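Below is the file coords07.pdb, which contains PDB, C-alpha atoms.
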```
ATOM      1  CA  MET A   1     -15.556 -21.568  -8.188
ATOM      2  CA  GLN A   2     -16.234 -18.941  -5.550
ATOM      3  CA  ARG A   3     -13.224 -17.333  -3.891
ATOM      4  CA  LYS A   4     -12.585 -15.363  -0.741
ATOM      5  CA  ILE A   5     -11.380 -11.922  -1.876
ATOM      6  CA  ILE A   6      -9.293  -9.814   0.496
ATOM      7  CA  ILE A   7     -10.009  -6.077   0.577
ATOM      8  CA  SER A   8      -7.095  -3.877   1.596
ATOM      9  CA  CYS A   9      -7.911  -0.252   2.435
ATOM     10  CA  ALA A  10      -5.231   2.439   2.035
ATOM     11  CA  VAL A  11      -6.683   5.069   4.322
ATOM     12  CA  THR A  12      -4.656   8.265   3.884
ATOM     13  CA  GLY A  13      -1.420   8.167   1.836
ATOM     14  CA  SER A  14       0.999  11.071   1.602
ATOM     15  CA  ALA A  15      -0.396  13.303  -1.168
ATOM     16  CA  ASP A  16      -1.847  16.744  -0.482
ATOM     17  CA  SER A  17      -5.333  15.225  -0.444
ATOM     18  CA  PRO A  18      -6.917  16.497   2.819
ATOM     19  CA  LYS A  19      -7.444  19.852   1.102
ATOM     20  CA  ARG A  20      -9.344  18.122  -1.709
ATOM     21  CA  ASN A  21     -11.509  15.825   0.423
ATOM     22  CA  PRO A  22     -12.087  16.550   4.123
ATOM     23  CA  ALA A  23     -12.792  12.848   4.738
ATOM     24  CA  VAL A  24      -9.065  12.073   4.410
ATOM     25  CA  PRO A  25      -7.872  11.302   7.969
ATOM     26  CA  VAL A  26      -4.917  13.302   9.292
ATOM     27  CA  SER A  27      -4.329  12.871  13.034
ATOM     28  CA  PRO A  28      -3.371   9.482  14.516
ATOM     29  CA  ALA A  29      -6.801   9.283  16.175
ATOM     30  CA  GLN A  30      -8.568   9.994  12.856
ATOM     31  CA  ILE A  31      -6.408   7.517  10.958
ATOM     32  CA  ALA A  32      -6.994   4.768  13.520
ATOM     33  CA  GLN A  33     -10.749   5.360  13.569
ATOM     34  CA  SER A  34     -10.871   5.328   9.769
ATOM     35  CA  CYS A  35      -9.051   1.970   9.822
ATOM     36  CA  ILE A  36     -11.499   0.551  12.369
ATOM     37  CA  ASP A  37     -14.484   1.772  10.348
ATOM     38  CA  ALA A  38     -13.023   0.342   7.125
ATOM     39  CA  ALA A  39     -12.605  -3.009   8.859
ATOM     40  CA  LYS A  40     -16.235  -2.978   9.952
ATOM     41  CA  ALA A  41     -17.187  -2.308   6.311
ATOM     42  CA  GLY A  42     -15.268  -5.366   5.089
ATOM     43  CA  ALA A  43     -11.578  -4.510   4.848
ATOM     44  CA  ALA A  44      -9.344  -7.321   6.132
ATOM     45  CA  ILE A  45      -6.172  -5.199   5.798
ATOM     46  CA  VAL A  46      -5.575  -1.503   6.461
ATOM     47  CA  HIS A  47      -2.572   0.174   4.821
ATOM     48  CA  ILE A  48      -1.277   3.060   6.910
ATOM     49  CA  HIS A  49       0.731   6.234   6.353
ATOM     50  CA  VAL A  50       0.851   8.941   9.020
ATOM     51  CA  ARG A  51       0.714  12.723   8.749
ATOM     52  CA  ASP A  52       1.787  15.720  10.787
ATOM     53  CA  PRO A  53      -1.497  16.745  12.457
ATOM     54  CA  GLN A  54      -0.553  20.441  12.258
ATOM     55  CA  THR A  55       0.484  20.662   8.595
ATOM     56  CA  THR A  56      -1.336  17.548   7.219
ATOM     57  CA  ARG A  57       1.904  16.725   5.364
ATOM     58  CA  PRO A  58       3.413  13.211   5.355
ATOM     59  CA  SER A  59       5.384  12.249   8.441
ATOM     60  CA  MET A  60       7.868   9.582   9.491
ATOM     61  CA  ASP A  61       7.320  10.221  13.208
ATOM     62  CA  GLY A  62       7.421   6.885  15.008
ATOM     63  CA  ALA A  63       5.171   8.206  17.777
ATOM     64  CA  HIS A  64       2.366   8.785  15.259
ATOM     65  CA  TYR A  65       2.701   5.232  13.932
ATOM     66  CA  ARG A  66       2.724   3.850  17.460
ATOM     67  CA  GLU A  67      -0.447   5.749  18.415
ATOM     68  CA  VAL A  68      -2.309   4.533  15.330
ATOM     69  CA  VAL A  69      -1.263   0.906  15.855
ATOM     70  CA  GLU A  70      -2.061   0.950  19.573
ATOM     71  CA  ARG A  71      -5.478   2.496  18.969
ATOM     72  CA  ILE A  72      -6.372  -0.170  16.392
ATOM     73  CA  ARG A  73      -5.087  -3.027  18.521
ATOM     74  CA  GLY A  74      -6.782  -1.588  21.595
ATOM     75  CA  SER A  75     -10.128  -1.399  19.800
ATOM     76  CA  GLY A  76     -10.479  -5.162  19.653
ATOM     77  CA  SER A  77     -10.458  -5.175  15.839
ATOM     78  CA  ASP A  78      -8.673  -8.144  14.299
ATOM     79  CA  VAL A  79      -7.924  -6.264  11.049
ATOM     80  CA  LEU A  80      -4.429  -6.878   9.661
ATOM     81  CA  ILE A  81      -2.147  -3.845  10.016
ATOM     82  CA  ASN A  82       0.033  -2.872   7.041
ATOM     83  CA  LEU A  83       2.499  -0.008   7.618
ATOM     84  CA  THR A  84       4.112   1.871   4.755
ATOM     85  CA  THR A  85       7.869   2.173   4.263
ATOM     86  CA  GLY A  86       7.505   4.505   1.279
ATOM     87  CA  PRO A  87       8.382   7.857   2.938
ATOM     88  CA  GLY A  88      12.042   8.835   2.758
ATOM     89  CA  ALA A  89      12.574   7.981  -0.922
ATOM     90  CA  ARG A  90      11.878  11.239  -2.799
ATOM     91  CA  PHE A  91      14.614  13.190  -4.578
ATOM     92  CA  ALA A  92      14.147  16.557  -6.275
ATOM     93  CA  PRO A  93      17.334  18.108  -7.679
ATOM     94  CA  ASP A  94      18.369  21.608  -6.740
ATOM     95  CA  VAL A  95      17.514  24.017  -9.557
ATOM     96  CA  ASP A  96      21.020  25.485  -9.744
ATOM     97  CA  ASN A  97      22.992  22.325  -8.971
ATOM     98  CA  PRO A  98      21.190  19.112  -9.962
ATOM     99  CA  ALA A  99      23.832  17.034  -8.149
ATOM    100  CA  MET A 100      22.475  18.402  -4.877
ATOM    101  CA  PRO A 101      19.035  17.800  -3.320
ATOM    102  CA  GLY A 102      16.401  20.514  -3.528
ATOM    103  CA  PRO A 103      14.240  21.551  -0.568
ATOM    104  CA  THR A 104      11.529  18.942  -1.172
ATOM    105  CA  THR A 105      13.935  15.982  -1.127
ATOM    106  CA  THR A 106      13.160  13.440   1.618
ATOM    107  CA  LEU A 107      15.856  10.797   1.110
ATOM    108  CA  SER A 108      16.529   8.797   4.273
ATOM    109  CA  LEU A 109      18.660   5.821   5.220
ATOM    110  CA  PRO A 110      16.941   2.470   4.622
ATOM    111  CA  GLU A 111      17.247   1.654   8.331
ATOM    112  CA  VAL A 112      15.255   4.801   9.142
ATOM    113  CA  ARG A 113      12.525   3.915   6.665
ATOM    114  CA  VAL A 114      11.848   0.579   8.390
ATOM    115  CA  ARG A 115      12.473   1.634  12.002
ATOM    116  CA  HIS A 116       8.770   1.831  12.873
ATOM    117  CA  VAL A 117       8.185  -1.607  11.331
ATOM    118  CA  VAL A 118      10.942  -3.202  13.390
ATOM    119  CA  GLU A 119       9.649  -1.530  16.554
ATOM    120  CA  LEU A 120       5.901  -2.131  16.094
ATOM    121  CA  ARG A 121       5.914  -5.502  14.282
ATOM    122  CA  PRO A 122       2.775  -5.052  12.163
ATOM    123  CA  ASP A 123       1.374  -7.995  10.228
ATOM    124  CA  ILE A 124       2.461  -6.523   6.883
ATOM    125  CA  CYS A 125       4.499  -3.593   5.574
ATOM    126  CA  SER A 126       4.869  -2.227   2.084
ATOM    127  CA  LEU A 127       8.140  -2.447   0.162
ATOM    128  CA  ASP A 128       8.288  -0.390  -3.045
ATOM    129  CA  MET A 129      10.331  -2.493  -5.433
ATOM    130  CA  GLY A 130      11.991   0.129  -7.607
ATOM    131  CA  SER A 131      12.532   3.704  -8.698
ATOM    132  CA  MET A 132      10.420   5.891 -10.970
ATOM    133  CA  ASN A 133       9.406   9.441 -11.824
ATOM    134  CA  MET A 134       6.588  10.461  -9.509
ATOM    135  CA  GLY A 135       4.891  13.824  -8.990
ATOM    136  CA  GLY A 136       7.715  15.972 -10.362
ATOM    137  CA  ARG A 137      10.291  14.144  -8.259
ATOM    138  CA  VAL A 138      12.157  10.867  -8.500
ATOM    139  CA  PHE A 139      11.088   8.028  -6.218
ATOM    140  CA  ILE A 140      14.391   6.296  -5.457
ATOM    141  CA  ASN A 141      14.676   2.725  -4.205
ATOM    142  CA  THR A 142      18.092   1.325  -5.074
ATOM    143  CA  PRO A 143      18.627  -2.448  -4.994
ATOM    144  CA  GLU A 144      21.084  -2.048  -2.110
ATOM    145  CA  HIS A 145      18.608  -0.043  -0.022
ATOM    146  CA  LEU A 146      15.826  -2.501  -0.809
ATOM    147  CA  GLU A 147      17.991  -5.426   0.268
ATOM    148  CA  THR A 148      18.741  -3.714   3.584
ATOM    149  CA  MET A 149      15.067  -2.979   4.162
ATOM    150  CA  ALA A 150      13.973  -6.469   3.096
ATOM    151  CA  VAL A 151      16.347  -8.165   5.530
ATOM    152  CA  ALA A 152      15.140  -5.979   8.421
ATOM    153  CA  ILE A 153      11.517  -6.749   7.514
ATOM    154  CA  ARG A 154      12.248 -10.473   7.204
ATOM    155  CA  ASP A 155      14.083 -10.578  10.538
ATOM    156  CA  ALA A 156      11.158  -8.778  12.220
ATOM    157  CA  ALA A 157       8.835 -11.572  10.976
ATOM    158  CA  VAL A 158       6.717  -9.092   9.028
ATOM    159  CA  LEU A 159       5.250  -9.978   5.621
ATOM    160  CA  PRO A 160       6.437  -7.534   2.929
ATOM    161  CA  GLU A 161       3.829  -6.318   0.480
ATOM    162  CA  LEU A 162       5.862  -6.008  -2.707
ATOM    163  CA  GLU A 163       4.548  -2.903  -4.468
ATOM    164  CA  VAL A 164       5.301  -3.010  -8.193
ATOM    165  CA  PHE A 165       4.535  -0.011 -10.397
ATOM    166  CA  GLU A 166       6.024  -1.448 -13.587
ATOM    167  CA  THR A 167       7.504  -4.695 -14.814
ATOM    168  CA  GLY A 168      11.113  -3.927 -13.858
ATOM    169  CA  HIS A 169      10.008  -3.654 -10.231
ATOM    170  CA  LEU A 170       8.397  -7.069 -10.431
ATOM    171  CA  LEU A 171      11.491  -8.640 -11.959
ATOM    172  CA  LEU A 172      13.690  -7.148  -9.219
ATOM    173  CA  ALA A 173      11.319  -8.545  -6.586
ATOM    174  CA  LYS A 174      11.614 -11.996  -8.154
ATOM    175  CA  ARG A 175      15.398 -11.729  -8.094
ATOM    176  CA  MET A 176      15.337 -10.776  -4.382
ATOM    177  CA  ILE A 177      13.152 -13.811  -3.689
ATOM    178  CA  GLU A 178      15.731 -15.959  -5.493
ATOM    179  CA  THR A 179      18.582 -14.467  -3.425
ATOM    180  CA  GLY A 180      16.711 -15.004  -0.151
ATOM    181  CA  HIS A 181      16.281 -11.367   0.810
ATOM    182  CA  ILE A 182      12.515 -11.917   0.531
ATOM    183  CA  LYS A 183      10.791 -15.133   1.534
ATOM    184  CA  GLY A 184       9.033 -16.766  -1.397
ATOM    185  CA  PRO A 185       6.631 -16.860  -3.082
ATOM    186  CA  GLY A 186       6.063 -13.215  -2.057
ATOM    187  CA  MET A 187       2.884 -11.162  -1.782
ATOM    188  CA  PHE A 188       2.507  -8.589  -4.546
ATOM    189  CA  GLN A 189       0.582  -5.343  -4.954
ATOM    190  CA  ILE A 190       0.215  -4.315  -8.612
ATOM    191  CA  CYS A 191      -0.048  -0.506  -8.657
ATOM    192  CA  LEU A 192      -1.668   0.891 -11.800
ATOM    193  CA  GLY A 193      -2.390   4.314 -13.230
ATOM    194  CA  ILE A 194       0.364   6.257 -11.465
ATOM    195  CA  ALA A 195       2.319   8.532 -13.794
ATOM    196  CA  TRP A 196       4.756   7.339 -15.085
ATOM    197  CA  GLY A 197       4.261   3.695 -14.302
ATOM    198  CA  GLN A 198       2.104   0.903 -15.676
ATOM    199  CA  PRO A 199      -1.284   2.130 -16.993
ATOM    200  CA  ALA A 200      -4.569   1.074 -15.380
ATOM    201  CA  SER A 201      -5.857  -1.275 -18.065
ATOM    202  CA  PRO A 202      -6.895  -4.933 -18.290
ATOM    203  CA  GLU A 203      -3.956  -5.607 -20.604
ATOM    204  CA  ALA A 204      -1.412  -4.105 -18.193
ATOM    205  CA  MET A 205      -2.803  -5.974 -15.194
ATOM    206  CA  THR A 206      -2.860  -9.256 -17.099
ATOM    207  CA  TYR A 207       0.731  -8.791 -18.257
ATOM    208  CA  MET A 208       1.920  -8.047 -14.710
ATOM    209  CA  ARG A 209      -0.042 -10.961 -13.266
ATOM    210  CA  ASN A 210       1.508 -13.330 -15.793
ATOM    211  CA  LEU A 211       5.005 -12.402 -14.584
ATOM    212  CA  LEU A 212       4.306 -13.227 -10.929
ATOM    213  CA  PRO A 213       6.026 -16.181  -9.255
ATOM    214  CA  SER A 214       3.876 -19.287  -9.131
ATOM    215  CA  GLY A 215       1.659 -19.378  -6.059
ATOM    216  CA  SER A 216       2.053 -15.711  -5.126
ATOM    217  CA  PRO A 217      -1.020 -14.090  -3.603
ATOM    218  CA  TRP A 218      -1.519 -10.737  -5.289
ATOM    219  CA  PHE A 219      -3.550  -7.557  -5.093
ATOM    220  CA  ALA A 220      -4.070  -4.756  -7.580
ATOM    221  CA  PHE A 221      -5.409  -1.224  -7.546
ATOM    222  CA  GLY A 222      -5.970   1.650  -9.919
ATOM    223  CA  ILE A 223      -5.927   5.275  -8.870
ATOM    224  CA  SER A 224      -8.668   7.890  -9.212
ATOM    225  CA  LEU A 225     -11.384   6.997 -11.733
ATOM    226  CA  HIS A 226      -9.694   3.625 -12.311
ATOM    227  CA  GLN A 227     -10.204   2.408  -8.742
ATOM    228  CA  PHE A 228     -13.414   0.429  -9.148
ATOM    229  CA  PRO A 229     -12.843  -0.862 -12.707
ATOM    230  CA  MET A 230      -9.545  -2.292 -11.442
ATOM    231  CA  VAL A 231     -11.344  -3.870  -8.460
ATOM    232  CA  ALA A 232     -13.492  -5.822 -10.892
ATOM    233  CA  GLN A 233     -10.555  -6.618 -13.150
ATOM    234  CA  SER A 234      -8.457  -7.973 -10.277
ATOM    235  CA  VAL A 235     -11.272 -10.229  -9.082
ATOM    236  CA  LEU A 236     -11.779 -11.571 -12.595
ATOM    237  CA  LEU A 237      -8.059 -12.286 -12.999
ATOM    238  CA  GLY A 238      -7.715 -14.118  -9.692
ATOM    239  CA  GLY A 239      -6.341 -11.374  -7.446
ATOM    240  CA  HIS A 240      -7.363  -9.451  -4.359
ATOM    241  CA  VAL A 241      -8.195  -5.749  -4.227
ATOM    242  CA  ARG A 242      -7.210  -2.422  -2.698
ATOM    243  CA  VAL A 243      -9.307   0.710  -2.348
ATOM    244  CA  GLY A 244      -9.103   3.783  -0.131
ATOM    245  CA  LEU A 245      -8.663   7.528   0.042
ATOM    246  CA  GLU A 246      -4.916   7.231  -0.560
ATOM    247  CA  ASP A 247      -5.655   6.257  -4.154
ATOM    248  CA  ASN A 248      -9.021   7.825  -4.946
ATOM    249  CA  LEU A 249     -11.100  10.619  -3.387
ATOM    250  CA  TYR A 250     -14.405   9.916  -5.148
ATOM    251  CA  LEU A 251     -17.197   7.406  -4.579
ATOM    252  CA  GLU A 252     -18.517   8.063  -8.077
ATOM    253  CA  LYS A 253     -18.120  10.745 -10.730
ATOM    254  CA  GLY A 254     -18.572  14.172  -9.163
ATOM    255  CA  LYS A 255     -19.249  12.788  -5.664
ATOM    256  CA  LEU A 256     -16.523  12.854  -3.037
ATOM    257  CA  ALA A 257     -16.232   9.715  -0.947
ATOM    258  CA  PRO A 258     -17.573  10.434   2.561
ATOM    259  CA  SER A 259     -15.206   7.891   4.152
ATOM    260  CA  ASN A 260     -12.843   5.016   3.547
ATOM    261  CA  ALA A 261     -15.625   2.716   4.748
ATOM    262  CA  ALA A 262     -17.825   3.860   1.863
ATOM    263  CA  LEU A 263     -15.123   2.891  -0.652
ATOM    264  CA  VAL A 264     -14.742  -0.514   1.023
ATOM    265  CA  GLU A 265     -18.498  -1.078   0.918
ATOM    266  CA  LYS A 266     -18.573  -0.362  -2.801
ATOM    267  CA  ALA A 267     -15.676  -2.744  -3.433
ATOM    268  CA  ALA A 268     -17.430  -5.431  -1.376
ATOM    269  CA  HIS A 269     -20.567  -4.973  -3.478
ATOM    270  CA  ILE A 270     -18.566  -5.435  -6.707
ATOM    271  CA  ILE A 271     -16.991  -8.617  -5.323
ATOM    272  CA  GLU A 272     -20.378 -10.027  -4.376
ATOM    273  CA  VAL A 273     -21.988  -9.080  -7.697
ATOM    274  CA  LEU A 274     -19.209 -11.005  -9.441
ATOM    275  CA  GLY A 275     -20.130 -14.079  -7.394
ATOM    276  CA  ASP A 276     -17.300 -14.157  -4.856
ATOM    277  CA  HIS A 277     -17.166 -13.438  -1.117
ATOM    278  CA  VAL A 278     -15.310 -10.860   0.970
ATOM    279  CA  ALA A 279     -12.618 -12.418   3.160
ATOM    280  CA  THR A 280     -12.616 -11.826   6.901
ATOM    281  CA  PRO A 281      -9.342 -10.903   8.636
ATOM    282  CA  ALA A 282      -9.048 -14.511   9.868
ATOM    283  CA  GLU A 283      -9.501 -15.814   6.323
ATOM    284  CA  ALA A 284      -6.985 -13.255   5.030
ATOM    285  CA  ARG A 285      -4.420 -14.522   7.548
ATOM    286  CA  GLU A 286      -4.969 -18.066   6.295
ATOM    287  CA  ILE A 287      -4.658 -17.038   2.637
ATOM    288  CA  LEU A 288      -1.469 -15.039   3.275
ATOM    289  CA  GLY A 289       0.089 -17.399   5.812
ATOM    290  CA  ILE A 290       0.156 -14.841   8.610
ATOM    291  CA  PRO A 291      -0.304 -16.178  12.151
ATOM    292  CA  LYS A 292      -2.881 -14.603  14.431
ATOM    293  CA  ALA A 293      -1.576 -11.623  16.356
ATOM    294  CA  ALA A 294      -0.529 -12.359  19.931
TER
END
```

Can you dump the structure from the file as structure tokens?
Amino acid sequence: MQRKIIISCAVTGSADSPKRNPAVPVSPAQIAQSCIDAAKAGAAIVHIHVRDPQTTRPSMDGAHYREVVERIRGSGSDVLINLTTGPGARFAPDVDNPAMPGPTTTLSLPEVRVRHVVELRPDICSLDMGSMNMGGRVFINTPEHLETMAVAIRDAAVLPELEVFETGHLLLAKRMIETGHIKGPGMFQICLGIAWGQPASPEAMTYMRNLLPSGSPWFAFGISLHQFPMVAQSVLLGGHVRVGLEDNLYLEKGKLAPSNAALVEKAAHIIEVLGDHVATPAEAREILGIPKAA
């Protein structure tokens, strides 16, 4: 049976990637245009971080988020907007006193991490469902902070994308659905290949999928060289897909991706070769139960 497969495009992320691929968008205008172009290529959802245009480093500036969202909405594109809530969760201990934060720590109050979501009311926002070692630092999402964020997201009528990097994250998400902090059945994003989380393999994806609540729509992605194999694997296992320069800088081995749109086009080709169809934004809204934007 043919399915409609949703492509989500994560356009920029927060890693130090603009130095490695100049196609990574940095300014709000560049990020918005990359989202619009990805939508034209077949993405029904765009997942958005923002950066400081001067330093290219990750930012939590609400004005940057607002500019990106307004530019996309003003373009006439009906692509679904998905804002991150990941920034503000990194802890790196001080070298001399590990009980104190080092200079690269970014820990913020949970209310601060969702402020732009509450103000801008996107269709979707990410919610990272646990803590893990990541890039030499610890990515901290305590259950109490996640509950606070989840309630704010729920009350803003935004659909949380439950990002799960390993099985404990998924089990916590299921518990928060049971307690009512998250409306069931939940929409999940299975994140694979990030050190030190779940590996990007068919076995890992299958195991994670089998733990999902019944009826949950789900996506999956693999980073770097795993991006396109995991696109195919997710389609075969009944999921939707995510690609983009946040997760992978290359179109193929040794060839930098010229744009997010190029990565979306390749994902769309894989979906079609496997006999399914790429979902439009309107079809994605129907699949995910998201009403049309006002």

Residues of region 60-179 of chain A at most 8 Å from region 205-209 of chain A: nearest atom pair and distance in Å, all atoms listed in the file, as JSON lines:
```
{"residue": "A:Glu166", "atom": "CA", "partner": "A:Met208", "partner_atom": "CA", "distance": 7.9}
{"residue": "A:Thr167", "atom": "CA", "partner": "A:Met208", "partner_atom": "CA", "distance": 6.5}
{"residue": "A:Leu170", "atom": "CA", "partner": "A:Met208", "partner_atom": "CA", "distance": 7.8}
```

Shell around Ala282 (chain A) at 9 Å using only C-alpha atoms, local window under 3 positions removed, as an mmCIF file with C-alpha atoms, in the frame of the given file:
```cif
data_model
loop_
_atom_site.group_PDB
_atom_site.id
_atom_site.type_symbol
_atom_site.label_atom_id
_atom_site.label_comp_id
_atom_site.auth_asym_id
_atom_site.auth_seq_id
_atom_site.Cartn_x
_atom_site.Cartn_y
_atom_site.Cartn_z
ATOM 1 C CA ALA A 44 -9.344 -7.321 6.132
ATOM 2 C CA ASP A 78 -8.673 -8.144 14.299
ATOM 3 C CA VAL A 79 -7.924 -6.264 11.049
ATOM 4 C CA LEU A 80 -4.429 -6.878 9.661
ATOM 5 C CA ALA A 279 -12.618 -12.418 3.160
ATOM 6 C CA ARG A 285 -4.420 -14.522 7.548
ATOM 7 C CA GLU A 286 -4.969 -18.066 6.295
ATOM 8 C CA ILE A 287 -4.658 -17.038 2.637
ATOM 9 C CA LYS A 292 -2.881 -14.603 14.431
#
```

For region 99-189 of chain A against region 63-69 of chain A, with a cut-off of 12 Å and counting all atoms listed in the file, what is the closest atom pair and its distance in Å to one decimal for every residue that makes the cut, ordered by chain and number, as a Markdown table?
```
| residue | atom | partner | partner_atom | distance |
| --- | --- | --- | --- | --- |
| A:Val114 | CA | A:Tyr65 | CA | 11.7 |
| A:Arg115 | CA | A:Tyr65 | CA | 10.6 |
| A:His116 | CA | A:Tyr65 | CA | 7.0 |
| A:Val117 | CA | A:Tyr65 | CA | 9.1 |
| A:Val118 | CA | A:Arg66 | CA | 11.6 |
| A:Glu119 | CA | A:Arg66 | CA | 8.8 |
| A:Leu120 | CA | A:Arg66 | CA | 6.9 |
| A:Arg121 | CA | A:Val69 | CA | 9.7 |
| A:Pro122 | CA | A:Val69 | CA | 8.1 |
| A:Asp123 | CA | A:Val69 | CA | 10.9 |
```

Name all residues at most 10 Å from Ala268 (chain A) (count all atoms listed in the file; drop same-chain ones fewer than 3 positions away) and give them as an NGL selection string. :A and (5-7 or 41-43 or 231 or 241 or 262-265 or 271-274 or 276-279)

If you count all atoms listed in the file, which residues fall within 9 Å of Leu245 (chain A), apart from same-chain ones fewer than 3 positions away, as a tab-separated table (two decimals) with C-alpha atoms, keeping the file's coordinate frame?
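Final file, part-v6.tsv:
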```tsv
chain	number	residue	atom	x	y	z
A	9	CYS	CA	-7.91	-0.25	2.44
A	10	ALA	CA	-5.23	2.44	2.04
A	11	VAL	CA	-6.68	5.07	4.32
A	12	THR	CA	-4.66	8.26	3.88
A	13	GLY	CA	-1.42	8.17	1.84
A	17	SER	CA	-5.33	15.22	-0.44
A	21	ASN	CA	-11.51	15.82	0.42
A	23	ALA	CA	-12.79	12.85	4.74
A	24	VAL	CA	-9.06	12.07	4.41
A	25	PRO	CA	-7.87	11.30	7.97
A	248	ASN	CA	-9.02	7.82	-4.95
A	249	LEU	CA	-11.10	10.62	-3.39
A	250	TYR	CA	-14.40	9.92	-5.15
A	257	ALA	CA	-16.23	9.72	-0.95
A	259	SER	CA	-15.21	7.89	4.15
A	260	ASN	CA	-12.84	5.02	3.55
A	263	LEU	CA	-15.12	2.89	-0.65
```

Counting all atoms listed in the file, give me one row per residue of region 149-168 of chain A with an atom at most 8 Å from an atom of region 187-197 of chain A, showing the shortest contact pair and its distance in Å to one decimal, sorted by chain then residue number, as a tab-separated table.
```
residue	atom	partner	partner_atom	distance
A:Leu159	CA	A:Met187	CA	7.9
A:Pro160	CA	A:Met187	CA	6.9
A:Glu161	CA	A:Met187	CA	5.4
A:Leu162	CA	A:Phe188	CA	4.6
A:Glu163	CA	A:Gln189	CA	4.7
A:Val164	CA	A:Ile190	CA	5.3
A:Phe165	CA	A:Cys191	CA	4.9
A:Glu166	CA	A:Gly197	CA	5.5
```

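Between Ile31 (chain A) and the candidates A:Val158, A:Leu288, A:Ile48, A:Ile223, the tightest atom-to-atom separation, counting only C-alpha atoms, involves A:Ile48.
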
To one decimal in Å, tell me the separation between CA of Asn133 (chain A) and CA of Ala89 (chain A). 11.4 Å

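In this comparison, which uses only C-alpha atoms, the residue of A:Ala32, A:Leu109, A:Ala220, A:Leu225 approaching Gly239 (chain A) most closely is A:Ala220.
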
Evaluate the PyMOL selection byres ((chain A and resi 172) around 12) and record the selected residues as a VMD selection string, following the chain and residue labels used in the document. chain A and resid 127 to 131 141 to 144 146 to 147 162 to 171 173 to 179 181 to 182 211 to 213
